[in-house]
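Student: Take this structure, written in structure tokens, and hold onto it; I'll ask about it next.
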2 protein chains.
Amino acid sequence: MKRERIEEIAEILDKRGKMTLEQLEKEFPNVSQMTLRRDLYQLEEDGRIIRIRGGAMSVKEVQKVSGEAYTKKTTINTDAKIVIAQKAATLIDEGISLFLDGGTTAMYLSKEIPDINCNVFTNGIAVAMELAQKKNINIVVVGGQLMKDNLSTSSPVAKAYFDATNFELAIVSATAFTPQNGFSCNSQIESDLLKQVFQKARHVYMMLDSSKIGKINSYTFAHIEDIDVLITDDNFPKEYKALFEQNNIVVM
Amino acid sequence: MKRERIEEIAEILDKRGKMTLEQLEKEFPNVSQMTLRRDLYQLEEDGRIIRIRGGAMSVKEVQKVSGEAYTKKTTINTDAKIVIAQKAATLIDEGISLFLDGGTTAMYLSKEIPDINCNVFTNGIAVAMELAQKKNINIVVVGGQLMKDNLSTSSPVAKAYFDATNFELAIVSATAFTPQNGFSCNSQIESDLLKQVFQKARHVYMMLDSSKIGKINSYTFAHIEDIDVLITDDNFPKEYKALFEQNNIVVM
DNA sequence: GGCTCCTTTGTTAGTAATTAACACTTTGAA
DNA sequence: TTCAAAGTGTTAATTACTAACAAAGGAGCC
């Protein structure tokens, strides 16, 4: 009974693509709305449909729609981050010990990073999961409380990790930068963690796309002179570039 | 302004897969809910996301989910694990402090777990990412070296975490069990970690699907008498059930 | 600068869909 | 038969959504 009905719903949805609950009710006149809802719920769990407001949509339909979208995907800021990440990936040498933060740019970097023998510390669990696909990279996750908004961990306890740890290189990014306020982010514990990282790392590379410039966030964790290399995109203002170069920082 | 924000939303969604409006509001604290709604509406028109009740989902995620559904069918014991996980989920009370391991069964459990106010420690990053979708659950990730085969972390350093920590409850699973050799797994550091957890936890619930029975792995971390509750499936042999019950263990 | 138009954003109230909770029914096994 | 478990229907309460209007910001023009 139930099984048959669910199959039938799945078939109809595959055929029509998208349907409202109202339409489904007409299709199954002697079944209550609630039951149909529950059927949709189960189909969603099986991964066969996506429930949308007022009804459901078959997965096939989604793939059709998304196929259209992928062709016209020419985004601006994502591109900048990817370019930055690609550049940064070329700077990672075999056998190095490296710290990577948990931000979006680090996420792109972890996709671009070659599968070389190296040691990566990170506080981003999404970054860690991405890196886990590369078989030669050894990953250490910094533990602590998980912040749900950016999927990164940090806690005072995490500092204990670093006492016995050194990095050849730290590649981090900030969510805001001004010359006066330096590099800042919006979480105090993350800021503390990064300060610690800056102390332990021999070299620090900063990934900063131009949209971050001129913004100020609550917690500054570093200033211009603390970094060695700045990796940015083409829209980076020239006057800022000069400013960094005055401090012997390589701008890419 | 608008363009940038929309790009950023798309990025975050690609990274996280699925998000509620509430989570998006946290991500963009100085933008109204309505604006975010309108952004999502536009992203949907562009075919980059699917709006679902309470938020949105990236099309990438949809493809992932539908892919999973296929592989799900091929694996055999998944059903038993899900049933076990569902049962375990009902045993978690509001306000509890809980340890969860990083295994597949724990992964299913984290999907089934209700969104109640509680504190979860885990060494599984896939588990952590799954739990991050529940807004009331506080998550602490145990740091350490990441093992790529099961996406769980463990290291001697992780033990430092537990010195100041107590759990009301630990829900763990083993990869092998015999009455003589007890519960065992194939990683020494994981075994060490679990031993530590057993010491710190007031109650221990073991999730063990029947396929694990009669197998022996290298490292034993607990014996029958160490656990309080055993959660298993219908194929669990009756003679074993009696054995557990002799030790005052509740078998579910 | 001051003025307009137009786009973007915020606020509110009203509507619609969803979930939760309970009661009833069916099914299948002991 | 009797019991338990799964499925279904109904209602109430919650939650998300839309619509409509008001306010704020920008670009262009005089």
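Ordering of the structure tokens sets the chain letters (A, B, ...), residue numbers begin anew at 1 in every chain, and ligands are numbered from 1 in the order given.
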Would you kindly return, as a PDB file with N, CA and C atoms, in the first residue's frame, each protein, DNA or RNA residue with an atom no farther than 10 Å from any atom of B:Gln145, considering only C-alpha atoms (C1' of nucleotides) and excluding same-chain residues fewer than 2 positions away?

Tutor:
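Saved result, selection04.pdb, follows:
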ATOM      1  N   VAL A 120      49.790  19.173   7.085  1.00  0.00           N
ATOM      2  CA  VAL A 120      48.920  20.345   7.152  1.00  0.00           C
ATOM      3  C   VAL A 120      48.161  20.392   8.472  1.00  0.00           C
ATOM      4  N   PHE A 121      48.286  21.489   9.173  1.00  0.00           N
ATOM      5  CA  PHE A 121      47.466  21.765  10.351  1.00  0.00           C
ATOM      6  C   PHE A 121      46.335  22.669   9.926  1.00  0.00           C
ATOM      7  N   ASN A 138      49.342  14.659   5.084  1.00  0.00           N
ATOM      8  CA  ASN A 138      49.046  14.305   6.460  1.00  0.00           C
ATOM      9  C   ASN A 138      48.311  15.487   7.110  1.00  0.00           C
ATOM     10  N   ILE A 139      47.192  15.204   7.726  1.00  0.00           N
ATOM     11  CA  ILE A 139      46.348  16.292   8.228  1.00  0.00           C
ATOM     12  C   ILE A 139      46.231  16.229   9.741  1.00  0.00           C
ATOM     13  N   VAL A 140      46.378  17.362  10.378  1.00  0.00           N
ATOM     14  CA  VAL A 140      46.108  17.444  11.806  1.00  0.00           C
ATOM     15  C   VAL A 140      45.025  18.488  12.020  1.00  0.00           C
ATOM     16  N   VAL A 141      43.961  18.084  12.672  1.00  0.00           N
ATOM     17  CA  VAL A 141      42.858  19.001  12.926  1.00  0.00           C
ATOM     18  C   VAL A 141      43.032  19.618  14.307  1.00  0.00           C
ATOM     19  N   VAL A 142      42.968  20.920  14.349  1.00  0.00           N
ATOM     20  CA  VAL A 142      43.024  21.611  15.628  1.00  0.00           C
ATOM     21  C   VAL A 142      41.662  21.458  16.294  1.00  0.00           C
TER      22      VAL A 142
ATOM     23  N   VAL B 142      37.356  16.923  18.898  1.00  0.00           N
ATOM     24  CA  VAL B 142      38.609  16.477  19.464  1.00  0.00           C
ATOM     25  C   VAL B 142      39.664  16.548  18.374  1.00  0.00           C
ATOM     26  N   GLY B 143      40.687  17.294  18.614  1.00  0.00           N
ATOM     27  CA  GLY B 143      41.683  17.497  17.572  1.00  0.00           C
ATOM     28  C   GLY B 143      42.666  16.354  17.478  1.00  0.00           C
ATOM     29  N   MET B 147      42.632  10.551  10.370  1.00  0.00           N
ATOM     30  CA  MET B 147      42.777   9.300   9.640  1.00  0.00           C
ATOM     31  C   MET B 147      41.823   9.325   8.462  1.00  0.00           C
ATOM     32  N   LYS B 148      42.367   9.166   7.277  1.00  0.00           N
ATOM     33  CA  LYS B 148      41.565   9.425   6.081  1.00  0.00           C
ATOM     34  C   LYS B 148      40.533   8.344   5.815  1.00  0.00           C
ATOM     35  N   LEU B 151      37.771   9.285   8.565  1.00  0.00           N
ATOM     36  CA  LEU B 151      37.568  10.706   8.854  1.00  0.00           C
ATOM     37  C   LEU B 151      37.458  11.019  10.346  1.00  0.00           C
ATOM     38  N   SER B 152      38.214  10.297  11.153  1.00  0.00           N
ATOM     39  CA  SER B 152      38.201  10.635  12.570  1.00  0.00           C
ATOM     40  C   SER B 152      39.600  11.000  13.039  1.00  0.00           C
ATOM     41  N   THR B 153      39.635  11.815  14.030  1.00  0.00           N
ATOM     42  CA  THR B 153      40.911  12.303  14.537  1.00  0.00           C
ATOM     43  C   THR B 153      41.255  11.602  15.835  1.00  0.00           C
ATOM     44  N   SER B 154      42.515  11.456  16.082  1.00  0.00           N
ATOM     45  CA  SER B 154      42.914  11.017  17.395  1.00  0.00           C
ATOM     46  C   SER B 154      44.408  11.172  17.542  1.00  0.00           C
ATOM     47  N   SER B 155      44.816  11.545  18.693  1.00  0.00           N
ATOM     48  CA  SER B 155      46.230  11.750  18.937  1.00  0.00           C
ATOM     49  C   SER B 155      46.451  11.750  20.427  1.00  0.00           C
ATOM     50  N   PRO B 156      47.668  11.478  20.835  1.00  0.00           N
ATOM     51  CA  PRO B 156      47.970  11.524  22.256  1.00  0.00           C
ATOM     52  C   PRO B 156      47.586  12.874  22.872  1.00  0.00           C
ATOM     53  N   VAL B 157      47.757  13.926  22.078  1.00  0.00           N
ATOM     54  CA  VAL B 157      47.424  15.256  22.587  1.00  0.00           C
ATOM     55  C   VAL B 157      45.958  15.354  22.948  1.00  0.00           C
ATOM     56  N   ALA B 158      45.141  14.639  22.196  1.00  0.00           N
ATOM     57  CA  ALA B 158      43.706  14.719  22.422  1.00  0.00           C
ATOM     58  C   ALA B 158      43.353  14.351  23.853  1.00  0.00           C
ATOM     59  N   ILE B 189      45.771   4.293  18.395  1.00  0.00           N
ATOM     60  CA  ILE B 189      45.462   5.577  19.015  1.00  0.00           C
ATOM     61  C   ILE B 189      43.966   5.738  19.269  1.00  0.00           C
TER      62      ILE B 189
END

Student: Extract, using only C-alpha atoms (C1' of nucleotides), all DNA, RNA and protein residues at most 8 Å from B:Gly214, discarding same-chain residues fewer than 2 positions from it, and format them as a PDB file with N, CA and C atoms, in the first residue's frame.

Tutor:
ATOM      1  N   ALA B 176      34.644  -4.757  15.931  1.00  0.00           N
ATOM      2  CA  ALA B 176      34.696  -6.202  16.132  1.00  0.00           C
ATOM      3  C   ALA B 176      34.351  -6.536  17.584  1.00  0.00           C
ATOM      4  N   PHE B 177      33.758  -7.730  17.740  1.00  0.00           N
ATOM      5  CA  PHE B 177      33.455  -8.179  19.102  1.00  0.00           C
ATOM      6  C   PHE B 177      33.441  -9.703  19.214  1.00  0.00           C
ATOM      7  N   THR B 178      34.079 -10.197  20.254  1.00  0.00           N
ATOM      8  CA  THR B 178      33.872 -11.567  20.699  1.00  0.00           C
ATOM      9  C   THR B 178      33.826 -11.527  22.221  1.00  0.00           C
ATOM     10  N   LYS B 212      29.320  -7.381  13.157  1.00  0.00           N
ATOM     11  CA  LYS B 212      30.611  -7.236  13.858  1.00  0.00           C
ATOM     12  C   LYS B 212      30.921  -8.420  14.770  1.00  0.00           C
ATOM     13  N   ILE B 216      37.531 -10.289  15.314  1.00  0.00           N
ATOM     14  CA  ILE B 216      38.531  -9.776  16.250  1.00  0.00           C
ATOM     15  C   ILE B 216      39.424  -8.787  15.524  1.00  0.00           C
TER      16      ILE B 216
END

Student: May I have the residues of chain B within 8 Å of chain C, counting only C-alpha atoms (C1' of nucleotides), written as an MDAnalysis selection string?

Tutor: chainID B and resid 32 34:35

Student: Which chain D residues are at most 9 Å from chain A (counting only C-alpha atoms (C1' of nucleotides)), as a ChimeraX atom specification?

Tutor: /D:7-9,17

Student: Residues of the last selection are to be written out with C-alpha atoms (C1' of nucleotides), as a short mmCIF file (atom, residue, chain, number, x, y, z; two decimals), in the first residue's frame.

Tutor:
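Output saved as out32.cif:
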data_model
loop_
_atom_site.label_atom_id
_atom_site.label_comp_id
_atom_site.auth_asym_id
_atom_site.auth_seq_id
_atom_site.Cartn_x
_atom_site.Cartn_y
_atom_site.Cartn_z
"C1'" DG D 7 0.38 3.39 9.04
"C1'" DT D 8 -3.07 6.92 8.65
"C1'" DG D 9 -6.20 10.93 9.70
"C1'" DC D 17 6.64 32.85 3.40
#

Student: Considering only C-alpha atoms, state which residue in the set A:Ala128, A:Asn247, A:Glu61, A:Arg37 is at the smallest distance from B:Leu146.

Tutor: A:Ala128

Student: Just how far from atom CA of B:Met207 is atom CA of B:Tyr219, in Å to one decimal?

Tutor: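 Going from atom CA of B:Tyr219 over to atom CA of B:Met207, I get 17.5 Å.
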
Student: Check the smallest atom-to-atom distance from each of D:DA22, D:DA16, D:DA5, D:DC29 to B:Glu22 using only C-alpha atoms (C1' of nucleotides), then report the winner.

Tutor: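 When distances to B:Glu22 are compared using only C-alpha atoms (C1' of nucleotides), the smallest one comes from D:DA16.
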
Student: Enumerate as number ranges by chain all residues of stretch 2-162 of chain B assigned to alpha helix (DSSP H) by DSSP on the backbone, naming them with the chain letters and numbers the document uses.

Tutor: B: 2-16, 21-27, 33-45, 59-74, 78-89, 104-112, 125-131, 158-162

Student: Can you list, as an mmCIF file with C-alpha atoms, in the first residue's frame, all residues belonging to stretch 96-159 of chain B that DSSP tags as strand (DSSP E)?

Tutor:
data_model
loop_
_atom_site.group_PDB
_atom_site.id
_atom_site.type_symbol
_atom_site.label_atom_id
_atom_site.label_comp_id
_atom_site.auth_asym_id
_atom_site.auth_seq_id
_atom_site.Cartn_x
_atom_site.Cartn_y
_atom_site.Cartn_z
ATOM 1 C CA SER B 97 27.029 16.078 27.905
ATOM 2 C CA LEU B 98 27.831 13.388 25.427
ATOM 3 C CA PHE B 99 30.720 11.749 23.620
ATOM 4 C CA LEU B 100 30.243 10.362 20.136
ATOM 5 C CA CYS B 118 23.181 19.451 24.528
ATOM 6 C CA ASN B 119 26.909 19.257 24.414
ATOM 7 C CA VAL B 120 28.569 16.807 22.052
ATOM 8 C CA PHE B 121 32.228 15.856 21.954
ATOM 9 C CA THR B 122 33.334 13.948 18.915
ATOM 10 C CA ILE B 137 23.753 21.399 19.766
ATOM 11 C CA ASN B 138 27.085 22.598 20.996
ATOM 12 C CA ILE B 139 29.916 20.729 19.341
ATOM 13 C CA VAL B 140 33.468 20.215 20.454
ATOM 14 C CA VAL B 141 35.811 18.540 18.028
ATOM 15 C CA GLY B 144 44.560 15.457 16.349
ATOM 16 C CA GLN B 145 45.802 13.620 13.368
ATOM 17 C CA LEU B 146 43.137 12.857 10.813
ATOM 18 C CA MET B 147 42.777 9.300 9.640
ATOM 19 C CA SER B 152 38.201 10.635 12.570
ATOM 20 C CA THR B 153 40.911 12.303 14.537
ATOM 21 C CA SER B 154 42.914 11.017 17.395
#

Student: Distance atom CA of B:Gly124-atom CA of B:Val59, one decimal place?

Tutor: 25.6 Å

Student: To one decimal place, how far is atom CA of A:Asn123 from atom CA of A:Gly102 in Å?

Tutor: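 Straight-line distance from atom CA of A:Asn123 to atom CA of A:Gly102 works out to 5.4 Å.
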